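query_36.txt, holding compact mmCIF, C-alpha atoms:
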```txt
# COMPACT_ATOMS: atom_id res chain seq x y z
CA MET A 801 0.00 0.00 0.00
CA ARG A 802 1.12 3.57 -0.65
CA VAL A 803 0.91 4.61 3.02
CA ASN A 804 3.24 1.78 3.93
CA ALA A 805 5.54 2.81 1.07
CA PHE A 806 5.77 6.35 2.48
CA ASN A 807 6.60 5.14 5.98
CA PHE A 808 9.06 2.59 4.63
CA PHE A 809 10.80 5.18 2.46
CA LEU A 810 11.10 7.64 5.35
CA PHE A 811 12.49 4.97 7.68
CA VAL A 812 15.11 3.90 5.13
CA ILE A 813 16.12 7.54 4.55
CA CYS A 814 16.41 8.28 8.28
CA PHE A 815 18.33 5.04 8.81
CA SER A 816 20.78 6.16 6.12
CA PHE A 817 21.30 9.34 8.16
CA SER A 818 22.48 7.18 11.07
CA LEU A 819 25.21 5.72 8.84
CA ARG A 820 26.62 9.21 8.56
CA TYR A 821 26.22 10.44 12.13
CA LEU A 822 27.08 7.32 14.15
CA ASP A 823 30.83 7.05 14.75
CA MET A 824 30.54 3.26 14.98
CA PHE A 825 30.32 3.18 11.17
CA ASP A 826 33.53 5.16 10.63
CA SER A 827 35.46 1.92 10.14
CA ILE A 828 33.19 1.10 7.17
CA PRO A 829 33.44 4.30 5.09
CA PHE A 830 31.40 3.11 2.12
CA LEU A 831 28.26 2.88 4.31
CA ARG A 832 28.23 6.68 4.51
CA TYR A 833 27.56 6.72 0.78
CA PHE A 834 24.57 4.38 1.01
CA ILE A 835 22.21 7.35 0.95
CA TYR A 836 23.30 8.20 -2.61
CA THR A 837 22.02 4.84 -3.84
CA LEU A 838 18.54 5.48 -2.43
CA PRO A 839 17.12 7.42 -5.42
CA PHE A 840 17.84 4.39 -7.60
CA LEU A 841 16.65 1.80 -5.03
CA LEU A 842 13.47 3.67 -4.08
CA THR A 843 12.59 4.27 -7.72
CA ILE A 844 12.73 0.52 -8.33
CA PHE A 845 10.63 -0.09 -5.22
CA THR A 846 8.04 2.44 -6.46
CA LEU A 847 7.80 0.77 -9.86
CA ILE A 848 7.28 -2.74 -8.48
CA SER A 849 5.05 -1.84 -5.51
CA THR A 850 1.26 -2.21 -5.54
CA LYS A 851 -0.51 1.00 -6.50
CA ASN A 852 -3.95 2.21 -5.47
CA LYS A 853 -6.13 3.32 -8.36
CA ASN A 854 -8.14 6.56 -8.26
CA SER A 855 -6.60 7.61 -4.94
CA ILE A 856 -7.18 11.09 -3.60
CA LYS A 857 -3.81 12.73 -3.47
CA PHE A 858 -2.38 16.11 -2.56
CA ASN A 859 -0.51 17.96 -5.29
CA PHE A 860 2.83 18.95 -3.77
CA LYS A 861 3.66 21.65 -6.32
CA ILE A 862 6.39 23.05 -4.08
CA ILE A 863 8.51 19.93 -4.57
CA ASN A 864 8.37 20.31 -8.33
CA GLN A 865 9.34 23.97 -7.96
CA TYR A 866 12.45 23.09 -5.94
CA PHE A 867 13.15 20.27 -8.38
CA LYS A 868 13.11 22.72 -11.30
CA ILE A 869 15.57 25.01 -9.51
CA ILE A 870 18.00 22.13 -8.98
CA ILE A 871 17.63 21.06 -12.63
CA ILE A 872 18.28 24.60 -13.91
CA THR A 873 21.20 25.06 -11.50
CA SER A 874 22.69 21.69 -12.50
CA ALA A 875 22.28 22.46 -16.22
CA PHE A 876 23.93 25.86 -15.76
CA PHE A 877 26.83 24.24 -13.91
CA CYS A 878 27.20 21.67 -16.68
CA LEU A 879 27.57 24.51 -19.20
CA LEU A 880 30.05 26.38 -16.99
CA ASN A 881 32.12 23.27 -16.36
CA LEU A 882 32.27 22.52 -20.07
CA ILE A 883 33.39 26.08 -20.82
CA ASN A 884 36.00 26.00 -18.03
CA ASN A 885 37.14 22.43 -18.84
CA GLN A 886 36.16 21.30 -15.34
CA ILE A 887 34.38 18.02 -16.16
CA ASN A 888 35.87 15.68 -13.56
CA MET A 889 34.88 13.31 -10.77
CA ARG A 890 34.48 16.11 -8.25
CA PHE A 891 32.00 17.85 -10.55
CA ILE A 892 29.98 14.63 -10.95
CA SER A 893 30.10 13.98 -7.19
CA GLU A 894 28.79 17.43 -6.33
CA LEU A 895 26.00 17.12 -8.90
CA ILE A 896 24.93 13.94 -7.10
CA PHE A 897 25.24 15.67 -3.70
CA ILE A 898 22.96 18.59 -4.61
CA SER A 899 20.35 16.54 -6.49
CA THR A 900 19.93 13.59 -4.09
CA PRO A 901 17.90 15.41 -1.35
CA ILE A 902 15.20 16.77 -3.66
CA ILE A 903 14.95 13.46 -5.55
CA LEU A 904 14.41 11.61 -2.26
CA VAL A 905 11.71 14.07 -1.16
CA LYS A 906 9.99 13.80 -4.54
CA LEU A 907 9.99 9.99 -4.39
CA LEU A 908 8.77 10.12 -0.80
CA PHE A 909 5.76 12.36 -1.43
CA ASP A 910 4.89 10.59 -4.67
CA ASN A 911 4.04 7.73 -2.31
CA SER A 912 2.01 9.82 0.14
CA SER A 913 -1.72 10.09 0.70
CA LEU A 914 -4.12 12.36 2.54
CA ASN A 915 -4.74 9.99 5.45
CA LEU A 916 -1.16 10.32 6.68
CA ASP A 917 -0.73 12.03 10.05
CA PHE A 918 2.12 14.36 9.15
CA ASP A 919 2.36 15.86 12.64
CA LYS A 920 2.96 12.42 14.09
CA ILE A 921 5.41 11.56 11.30
CA ILE A 922 7.47 14.71 11.91
CA ARG A 923 7.49 14.13 15.67
CA ASN A 924 8.63 10.52 15.24
CA MET A 925 11.29 11.53 12.72
CA PHE A 926 12.63 14.14 15.14
CA LEU A 927 12.67 11.68 18.05
CA PHE A 928 14.46 9.09 15.90
CA LEU A 929 17.19 11.61 15.07
CA CYS A 930 17.45 12.50 18.77
CA LEU A 931 17.96 8.80 19.48
CA ILE A 932 20.75 8.67 16.89
CA TYR A 933 22.42 11.62 18.58
CA PHE A 934 22.27 10.12 22.07
CA VAL A 935 23.43 6.71 20.89
CA ASN A 936 26.49 8.39 19.40
CA LEU A 937 27.05 10.51 22.48
CA ASN A 938 27.97 7.45 24.58
CA ALA A 939 29.45 8.30 27.99
CA GLY A 940 29.51 12.01 27.21
CA ILE A 941 25.91 12.26 28.37
CA PHE A 942 27.11 12.08 31.96
CA SER A 943 28.96 15.35 31.51
CA ILE A 944 25.85 17.48 30.93
CA PRO A 945 26.43 19.52 34.15
CA GLY A 946 29.81 20.53 32.75
CA PHE A 947 28.14 21.46 29.47
CA ILE A 948 25.63 23.69 31.28
CA LEU A 949 28.46 25.32 33.23
CA GLU A 950 30.28 26.15 30.00
CA ILE A 951 27.11 27.78 28.64
CA LEU A 952 26.78 29.91 31.79
CA GLN A 953 30.40 30.97 31.36
CA THR A 954 29.63 31.86 27.68
CA LYS A 955 32.53 29.71 26.47
CA PHE A 956 30.36 28.42 23.65
CA LEU A 957 30.68 31.81 21.96
CA VAL A 958 34.44 31.76 21.65
CA SER A 959 35.73 28.19 21.84
CA LYS A 960 34.90 24.54 21.43
CA PHE A 961 33.69 22.43 24.31
CA ASP A 962 36.03 20.09 26.10
CA ILE A 963 33.14 17.63 25.96
CA ASN A 964 32.49 16.14 22.53
CA PHE A 965 28.82 17.11 22.18
CA GLU A 966 29.28 18.56 18.70
CA SER A 967 27.34 16.97 15.85
CA GLY A 968 26.15 17.95 12.39
CA LEU A 969 22.69 16.99 13.63
CA SER A 970 22.59 20.45 15.22
CA PHE A 971 21.78 21.82 11.74
CA VAL A 972 18.92 19.32 11.39
CA PHE A 973 17.57 19.98 14.89
CA GLY A 974 17.51 23.68 14.02
CA PHE A 975 15.07 23.05 11.17
CA PHE A 976 12.78 21.15 13.53
CA ALA A 977 13.04 23.90 16.18
CA ILE A 978 11.85 26.54 13.69
CA TYR A 979 9.10 24.28 12.38
CA PHE A 980 7.78 23.50 15.86
CA PHE A 981 7.96 27.16 16.91
CA THR A 982 6.06 28.46 13.89
CA GLN A 983 3.49 25.65 14.21
CA LYS A 984 2.86 26.56 17.91
CA LYS A 985 4.15 23.21 19.19
CA ASN A 986 5.88 24.79 22.16
CA ARG A 987 7.07 21.72 24.07
CA LEU A 988 8.55 20.12 20.97
CA PHE A 989 10.17 23.46 20.11
CA LEU A 990 11.88 23.63 23.50
CA VAL A 991 13.18 20.09 23.08
CA ALA A 992 14.37 20.77 19.51
CA PHE A 993 16.07 24.03 20.49
CA PHE A 994 17.76 22.31 23.43
CA MET A 995 19.00 19.60 21.05
CA THR A 996 20.29 22.29 18.67
CA ILE A 997 22.31 23.79 21.52
CA LEU A 998 23.43 20.40 22.82
CA ALA A 999 24.73 19.30 19.41
CA TYR A 1000 26.67 22.57 19.41
CA LYS A 1001 26.93 24.26 16.06
CA ARG A 1002 27.07 27.97 16.83
CA ILE A 1003 25.73 29.04 13.44
CA ALA A 1004 22.76 26.68 13.91
CA ILE A 1005 21.95 28.21 17.30
CA LEU A 1006 22.29 31.73 15.86
CA GLY A 1007 20.20 30.73 12.85
CA VAL A 1008 17.32 29.52 15.01
CA VAL A 1009 17.37 32.70 17.10
CA VAL A 1010 17.47 34.99 14.05
CA SER A 1011 14.70 33.03 12.29
CA ILE A 1012 12.47 33.28 15.36
CA LEU A 1013 13.14 37.03 15.57
CA VAL A 1014 12.19 37.34 11.89
CA TYR A 1015 8.96 35.44 12.62
CA VAL A 1016 8.07 37.58 15.64
CA PHE A 1017 9.01 41.06 14.41
CA LEU A 1018 8.83 41.00 10.60
CA ARG A 1019 5.58 39.15 9.98
CA LYS A 1020 3.80 42.30 8.78
CA ILE A 1021 6.64 43.34 6.49
CA LEU A 1022 7.45 40.09 4.71
CA ASN A 1023 5.06 38.85 2.03
CA LYS A 1024 5.08 37.23 -1.41
CA LYS A 1025 6.51 40.34 -3.08
CA SER A 1026 8.83 41.76 -0.44
CA SER A 1027 10.58 38.72 1.05
CA PRO A 1028 12.32 37.47 -2.14
CA ILE A 1029 13.56 40.98 -2.95
CA ILE A 1030 14.68 41.86 0.60
CA PHE A 1031 16.63 38.66 1.23
CA THR A 1032 18.15 38.56 -2.25
CA LEU A 1033 19.42 42.11 -1.75
CA LEU A 1034 20.86 41.12 1.63
CA ASN A 1035 22.79 38.28 0.00
CA ILE A 1036 24.07 40.64 -2.72
CA ILE A 1037 25.26 43.03 0.00
CA ILE A 1038 27.05 40.12 1.69
CA ILE A 1039 28.86 39.28 -1.57
CA ILE A 1040 29.84 42.93 -2.04
CA CYS A 1041 31.20 42.99 1.54
CA PHE A 1042 33.02 39.75 0.78
CA TYR A 1043 34.65 41.36 -2.25
CA TYR A 1044 35.82 44.39 -0.27
CA LEU A 1045 36.94 42.18 2.62
CA LEU A 1046 39.27 40.29 0.27
CA ASN A 1047 40.62 43.58 -1.01
CA GLY A 1048 41.58 44.58 2.53
CA TYR A 1049 39.11 47.43 2.98
CA PHE A 1050 37.99 46.16 6.41
CA ASP A 1051 41.39 45.11 7.78
CA TYR A 1052 41.96 48.16 9.96
CA ILE A 1053 38.38 48.21 11.24
CA ILE A 1054 38.51 44.53 12.23
CA LYS A 1055 41.94 44.91 13.82
CA ASP A 1056 40.95 48.00 15.82
CA TYR A 1057 37.57 46.71 16.94
CA PHE A 1058 38.34 43.04 17.67
CA GLY A 1059 42.10 43.10 18.15
CA TYR A 1060 42.64 40.29 15.64
CA SER A 1061 43.36 40.09 11.93
CA ALA A 1062 40.55 39.43 9.45
CA ASN A 1063 42.06 36.05 8.59
CA TYR A 1064 42.11 35.05 12.27
CA MET A 1065 38.49 36.12 12.77
CA LEU A 1066 37.50 33.94 9.79
CA ASN A 1067 39.44 30.91 11.07
CA GLY A 1068 41.99 31.12 8.27
CA ARG A 1069 39.39 31.19 5.50
CA LEU A 1070 40.58 34.53 4.11
CA LYS A 1071 43.69 32.72 2.86
CA LEU A 1072 41.47 30.10 1.21
CA TYR A 1073 39.37 32.79 -0.47
CA SER A 1074 42.50 34.40 -1.91
CA ILE A 1075 43.48 31.06 -3.48
CA VAL A 1076 40.17 30.44 -5.27
CA PHE A 1077 39.00 33.98 -5.98
CA ASP A 1078 40.50 36.64 -8.24
CA VAL A 1079 40.00 39.90 -6.35
CA ASP A 1080 40.61 41.96 -9.49
CA ARG A 1081 37.29 41.11 -11.11
CA TYR A 1082 33.64 40.46 -10.38
CA LEU A 1083 32.39 36.98 -11.28
CA PHE A 1084 29.26 37.33 -13.37
CA PHE A 1085 29.79 33.74 -14.50
CA GLY A 1086 31.59 31.29 -12.24
CA ASN A 1087 34.42 28.81 -12.60
CA GLY A 1088 32.27 25.66 -12.50
CA LEU A 1089 30.95 23.27 -9.87
CA GLY A 1090 33.72 21.59 -7.87
CA TYR A 1091 36.28 24.26 -8.80
CA ILE A 1092 36.92 25.28 -5.17
CA HIS A 1093 37.55 21.74 -3.93
CA THR A 1094 39.76 20.89 -6.92
CA THR A 1095 41.80 24.09 -6.54
CA LEU A 1096 42.28 23.78 -2.78
CA THR A 1097 43.14 20.09 -3.10
CA SER A 1098 45.93 20.91 -5.53
CA ALA A 1099 47.27 23.64 -3.22
CA THR A 1100 50.21 22.20 -1.28
CA ASP A 1101 49.91 24.52 1.72
CA VAL A 1102 46.23 23.84 2.52
CA GLN A 1103 45.39 21.30 5.21
CA GLU A 1104 43.04 18.39 4.44
CA HIS A 1105 40.14 19.74 6.53
CA LEU A 1106 40.30 23.09 4.70
CA LYS A 1107 39.30 21.91 1.23
CA SER A 1108 36.22 24.14 1.26
CA VAL A 1109 35.47 27.83 1.79
CA HIS A 1110 32.72 26.87 4.28
CA SER A 1111 30.16 29.20 2.77
CA ASP A 1112 27.63 28.14 0.17
CA VAL A 1113 26.85 31.77 -0.68
CA VAL A 1114 30.53 32.32 -1.50
CA LYS A 1115 30.67 28.92 -3.23
CA LEU A 1116 27.68 29.74 -5.44
CA TYR A 1117 29.27 33.08 -6.31
CA ILE A 1118 32.73 31.71 -7.14
CA GLU A 1119 31.57 28.53 -8.90
CA GLY A 1120 28.25 29.70 -10.36
CA GLY A 1121 28.71 33.42 -10.69
CA PHE A 1122 26.63 36.43 -9.70
CA PHE A 1123 23.65 35.64 -11.93
CA LEU A 1124 23.27 32.06 -10.68
CA LEU A 1125 23.57 33.17 -7.06
CA VAL A 1126 20.83 35.79 -7.50
CA PHE A 1127 18.59 33.32 -9.35
CA PHE A 1128 19.06 30.60 -6.72
CA ILE A 1129 18.47 32.81 -3.67
CA TYR A 1130 15.55 34.69 -5.24
CA ARG A 1131 13.75 31.53 -6.34
CA PHE A 1132 14.18 29.82 -2.97
CA TYR A 1133 12.59 32.78 -1.19
CA LYS A 1134 9.92 33.15 -3.89
CA ILE A 1135 8.83 29.54 -3.40
CA SER A 1136 8.64 29.95 0.38
CA ALA A 1137 6.84 33.30 0.32
CA HIS A 1138 3.38 31.76 0.82
CA ASN A 1139 3.61 31.93 4.64
CA MET A 1140 5.93 32.92 7.48
CA SER A 1141 6.75 29.39 8.58
CA ALA A 1142 8.18 28.61 5.13
CA ILE A 1143 10.02 31.94 5.00
CA CYS A 1144 11.66 31.33 8.40
CA LEU A 1145 12.84 27.86 7.33
CA THR A 1146 14.44 29.49 4.27
CA VAL A 1147 16.02 32.24 6.38
CA TYR A 1148 17.57 29.55 8.59
CA LEU A 1149 18.89 27.67 5.53
CA ASN A 1150 20.30 30.93 4.16
CA ILE A 1151 22.14 31.60 7.44
CA LEU A 1152 23.65 28.11 7.30
CA PHE A 1153 24.64 28.82 3.69
CA LEU A 1154 26.72 31.78 4.92
CA THR A 1155 29.17 29.75 7.00
CA ASP A 1156 28.93 26.10 5.99
CA ASN A 1157 28.64 23.61 3.12
CA ILE A 1158 24.98 22.69 3.58
CA PHE A 1159 24.49 22.66 -0.20
CA ILE A 1160 26.13 19.23 -0.42
CA TYR A 1161 24.75 17.79 2.87
CA VAL A 1162 21.90 15.37 2.16
CA PRO A 1163 20.32 15.11 5.66
CA GLU A 1164 20.14 18.88 6.13
CA LEU A 1165 18.68 19.68 2.71
CA PHE A 1166 16.36 16.67 2.83
CA THR A 1167 14.98 17.94 6.15
CA PHE A 1168 14.52 21.41 4.67
CA TYR A 1169 12.63 20.17 1.60
CA PHE A 1170 10.64 17.72 3.73
CA LEU A 1171 9.46 20.31 6.26
CA GLN A 1172 8.74 22.86 3.53
CA SER A 1173 6.51 20.29 1.84
CA ILE A 1174 4.58 19.71 5.07
CA VAL A 1175 4.18 23.45 5.64
CA TYR A 1176 2.91 23.77 2.06
CA PHE A 1177 0.48 20.92 2.64
CA LYS A 1178 -0.94 22.55 5.77
CA PHE A 1179 -1.30 25.91 4.06
CA PHE A 1180 -2.84 24.72 0.80
CA LYS A 1181 -4.48 21.43 1.80
CA ASP A 1182 -7.95 22.60 0.77
CA LYS A 1183 -6.79 23.93 -2.61
CA GLU A 1184 -4.34 21.39 -4.01
CA ILE A 1185 -6.21 18.10 -3.66
CA ASP A 1186 -6.44 16.13 -6.88
CA VAL A 1187 -8.05 12.83 -7.76
CA LYS A 1188 -5.39 10.94 -9.68
CA GLU A 1189 -5.31 7.54 -11.27
CA ASN A 1190 -1.95 5.96 -10.42
```

Render the structure in this file as structure tokens.
Amino acid sequence: MRVNAFNFFLFVICFSFSLRYLDMFDSIPFLRYFIYTLPFLLTIFTLISTKNKNSIKFNFKIINQYFKIIIITSAFFCLLNLINNQINMRFISELIFISTPIILVKLLFDNSSLNLDFDKIIRNMFLFLCLIYFVNLNAGIFSIPGFILEILQTKFLVSKFDINFESGLSFVFGFFAIYFFTQKKNRLFLVAFFMTILAYKRIAILGVVVSILVYVFLRKILNKKSSPIIFTLLNIIIIICFYYLLNGYFDYIIKDYFGYSANYMLNGRLKLYSIVFDVDRYLFFGNGLGYIHTTLTSATDVQEHLKSVHSDVVKLYIEGGFFLLVFFIYRFYKISAHNMSAICLTVYLNILFLTDNIFIYVPELFTFYFLQSIVYFKFFKDKEIDVKEN
């Protein structure tokens, strides 16, 4: 049955997340790549599974809209990579990375039906991911008092914890925190926000706070017309600041105000930017997908863990160019402009884009697309119901 297919698909997808986040699988590296086989495996399962005829089904148009953006972005990158002679394994890998999340969400909701309890599904998915986190935490859980003490001493703002609470699941928990807050599920929000803090990614914590502030104070300002324009302009301003930062215009200000160099404040990333970006010109068209990783890998003085600029906004600008960046950001906000819950989820994703490589992280982007689809369903459930013969 299609309901069982949906639940089965979601369980398999969430289980594949555990292969990435559980340290016990580190000794079997290929298991971390299992998730990239799922589009193929789940497509086969869909084709051979029993289908219900004339079922009443919701039309998740938002998924197709995101899917079109990824197709256009991928096609544009293919053209750029051909022009820049950058067709290589890294290019192919990153194409797979950015397309897998939306393909999984599309396959998942193609096997959905109206009698699914999405609130229960989201709650169970969140609790399952919490379980993964605590299983991986091991004995560290007994050091929670020390963790709380470090928070009270504000060490989390300036340094890493002595306790190894940190996990990429913090990004995922942040999406759930915003969803629960905007859906008035206060107890689940408190748990999700606590988990975001516990998993300790500072940008995730900041992103949740900023997104909530946007929801509380900008609800009357942001709408279908204003939000795409406002946030696209903000990202353009960030790129302009990035350009002037690389040209040294802010060096004295940063040194005088913070007492440290710009490169130190950015954890050494300014040096990486100078390797992959030509400060003498604006990039209207980029250097091709995978260019940053390939360039930094070939640089002999760059450490292994610094093979990325850790900013998807900068990555889109350098590899895709100004026009692709504007198109991508504008369309993402345009799609989410139907209500504030969707806008806040996009704001949070955008904040993560500023300081990390979320664009190629399957669990994070899958969670984003998944929750956006549920928000869309709740907002348009009386308008987008179709009777379809499957």

Of the listed residues A:Arg1069, A:Arg890, A:Lys1020, A:Arg1002, that which approaches A:Tyr1091 most closely, counting only C-alpha atoms: A:Arg890

Let me have the centre and edge lengths in Å, one decimal, of the box along x, y and z around every listed atom of stretch 804-817 of chain A with 4 Å of margin on each side, as lines of an AutoDock Vina configuration file.
```
center_x = 12.3
center_y = 5.6
center_z = 4.9
size_x = 26.1
size_y = 15.6
size_z = 15.7
```

Point-to-point distance in Å for atom CA of A:Ile902 and atom CA of A:Phe845: 17.5 Å

All residues 8 Å or closer to stretch 1134-1139 of chain A, only C-alpha atoms, same chain fewer than 5 positions away omitted, as a ChimeraX atom specification: /A:862,865-866,1023-1025,1027-1028,1146,1172,1179

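With only C-alpha atoms as the basis for measurement, A:Ile813 is the residue among A:Phe980, A:Phe993, A:Asn1150, A:Ile813 that approaches A:Leu841 most closely.
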
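Between A:Leu1154 and the residues A:Leu1171, A:Ile848, A:Ile1036, A:Ala1099, the shortest atom-to-atom distance, using all atoms listed in the file, involves A:Ile1036.
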
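With only C-alpha atoms as the atoms that count, the minimum distance from A:Gln983 to the choices A:Leu1046, A:Phe809, A:Ile1129, A:Tyr1015 is reached by A:Tyr1015.
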
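The two atoms in question, atom CA of A:Asn807 and atom CA of A:Tyr1161, are spaced 22.3 Å apart.
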
Residues within 12 Å of stretch 929-931 of chain A, all atoms listed in the file, excluding chain neighbours under 6 positions, as a ChimeraX atom specification: /A:811,813-822,922-923,937-938,967-973,976,988,991-996,998-999,1163-1164,1167

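Counting only C-alpha atoms, the residue from A:Phe825, A:Phe926, A:Ile1075, A:Leu914 that sits nearest to A:Leu810 is A:Phe926.
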
Minimum-distance residue to A:Thr837, chosen among A:Phe965, A:Phe1127, A:Phe1077, A:Phe897 (using only C-alpha atoms): A:Phe897

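Straight-line separation from atom CA of A:Phe1017 to atom CA of A:Arg1131: 23.3 Å.
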
For stretch 1027-1047 of chain A, supply N, CA and C atoms and report the output as a PDB file, keeping the file's coordinate frame.
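Resulting contents of part_10.pdb:
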```pdb
ATOM      1  N   SER A1027       9.567  39.605   0.479  1.00  0.00           N
ATOM      2  CA  SER A1027      10.580  38.720   1.050  1.00  0.00           C
ATOM      3  C   SER A1027      11.635  38.265   0.038  1.00  0.00           C
ATOM      4  N   PRO A1028      11.261  37.868  -1.201  1.00  0.00           N
ATOM      5  CA  PRO A1028      12.320  37.470  -2.140  1.00  0.00           C
ATOM      6  C   PRO A1028      13.272  38.621  -2.464  1.00  0.00           C
ATOM      7  N   ILE A1029      12.730  39.826  -2.602  1.00  0.00           N
ATOM      8  CA  ILE A1029      13.560  40.980  -2.950  1.00  0.00           C
ATOM      9  C   ILE A1029      14.471  41.367  -1.784  1.00  0.00           C
ATOM     10  N   ILE A1030      13.915  41.442  -0.572  1.00  0.00           N
ATOM     11  CA  ILE A1030      14.680  41.860   0.600  1.00  0.00           C
ATOM     12  C   ILE A1030      15.846  40.913   0.854  1.00  0.00           C
ATOM     13  N   PHE A1031      15.574  39.612   0.881  1.00  0.00           N
ATOM     14  CA  PHE A1031      16.630  38.660   1.230  1.00  0.00           C
ATOM     15  C   PHE A1031      17.630  38.452   0.093  1.00  0.00           C
ATOM     16  N   THR A1032      17.195  38.611  -1.140  1.00  0.00           N
ATOM     17  CA  THR A1032      18.150  38.560  -2.250  1.00  0.00           C
ATOM     18  C   THR A1032      19.103  39.743  -2.185  1.00  0.00           C
ATOM     19  N   LEU A1033      18.572  40.923  -1.899  1.00  0.00           N
ATOM     20  CA  LEU A1033      19.420  42.110  -1.750  1.00  0.00           C
ATOM     21  C   LEU A1033      20.407  41.946  -0.600  1.00  0.00           C
ATOM     22  N   LEU A1034      19.964  41.353   0.499  1.00  0.00           N
ATOM     23  CA  LEU A1034      20.860  41.120   1.630  1.00  0.00           C
ATOM     24  C   LEU A1034      22.017  40.209   1.238  1.00  0.00           C
ATOM     25  N   ASN A1035      21.727  39.180   0.452  1.00  0.00           N
ATOM     26  CA  ASN A1035      22.790  38.280   0.000  1.00  0.00           C
ATOM     27  C   ASN A1035      23.742  38.973  -0.972  1.00  0.00           C
ATOM     28  N   ILE A1036      23.211  39.871  -1.810  1.00  0.00           N
ATOM     29  CA  ILE A1036      24.070  40.640  -2.720  1.00  0.00           C
ATOM     30  C   ILE A1036      24.989  41.553  -1.914  1.00  0.00           C
ATOM     31  N   ILE A1037      24.447  42.175  -0.868  1.00  0.00           N
ATOM     32  CA  ILE A1037      25.260  43.030   0.000  1.00  0.00           C
ATOM     33  C   ILE A1037      26.369  42.223   0.661  1.00  0.00           C
ATOM     34  N   ILE A1038      26.040  40.993   1.075  1.00  0.00           N
ATOM     35  CA  ILE A1038      27.050  40.120   1.690  1.00  0.00           C
ATOM     36  C   ILE A1038      28.174  39.812   0.706  1.00  0.00           C
ATOM     37  N   ILE A1039      27.833  39.557  -0.552  1.00  0.00           N
ATOM     38  CA  ILE A1039      28.860  39.280  -1.570  1.00  0.00           C
ATOM     39  C   ILE A1039      29.711  40.514  -1.832  1.00  0.00           C
ATOM     40  N   ILE A1040      29.083  41.688  -1.852  1.00  0.00           N
ATOM     41  CA  ILE A1040      29.840  42.930  -2.040  1.00  0.00           C
ATOM     42  C   ILE A1040      30.808  43.131  -0.870  1.00  0.00           C
ATOM     43  N   CYS A1041      30.332  42.893   0.360  1.00  0.00           N
ATOM     44  CA  CYS A1041      31.200  42.990   1.540  1.00  0.00           C
ATOM     45  C   CYS A1041      32.335  41.980   1.459  1.00  0.00           C
ATOM     46  N   PHE A1042      32.009  40.782   0.964  1.00  0.00           N
ATOM     47  CA  PHE A1042      33.020  39.750   0.780  1.00  0.00           C
ATOM     48  C   PHE A1042      34.108  40.215  -0.176  1.00  0.00           C
ATOM     49  N   TYR A1043      33.697  40.852  -1.265  1.00  0.00           N
ATOM     50  CA  TYR A1043      34.650  41.360  -2.250  1.00  0.00           C
ATOM     51  C   TYR A1043      35.579  42.394  -1.625  1.00  0.00           C
ATOM     52  N   TYR A1044      35.010  43.344  -0.882  1.00  0.00           N
ATOM     53  CA  TYR A1044      35.820  44.390  -0.270  1.00  0.00           C
ATOM     54  C   TYR A1044      36.663  43.842   0.891  1.00  0.00           C
ATOM     55  N   LEU A1045      36.162  42.815   1.557  1.00  0.00           N
ATOM     56  CA  LEU A1045      36.940  42.180   2.620  1.00  0.00           C
ATOM     57  C   LEU A1045      38.217  41.570   2.047  1.00  0.00           C
ATOM     58  N   LEU A1046      38.098  40.889   0.903  1.00  0.00           N
ATOM     59  CA  LEU A1046      39.270  40.290   0.270  1.00  0.00           C
ATOM     60  C   LEU A1046      40.257  41.334  -0.220  1.00  0.00           C
ATOM     61  N   ASN A1047      39.750  42.513  -0.560  1.00  0.00           N
ATOM     62  CA  ASN A1047      40.620  43.580  -1.010  1.00  0.00           C
ATOM     63  C   ASN A1047      41.221  44.395   0.136  1.00  0.00           C
TER      64      ASN A1047
END
```
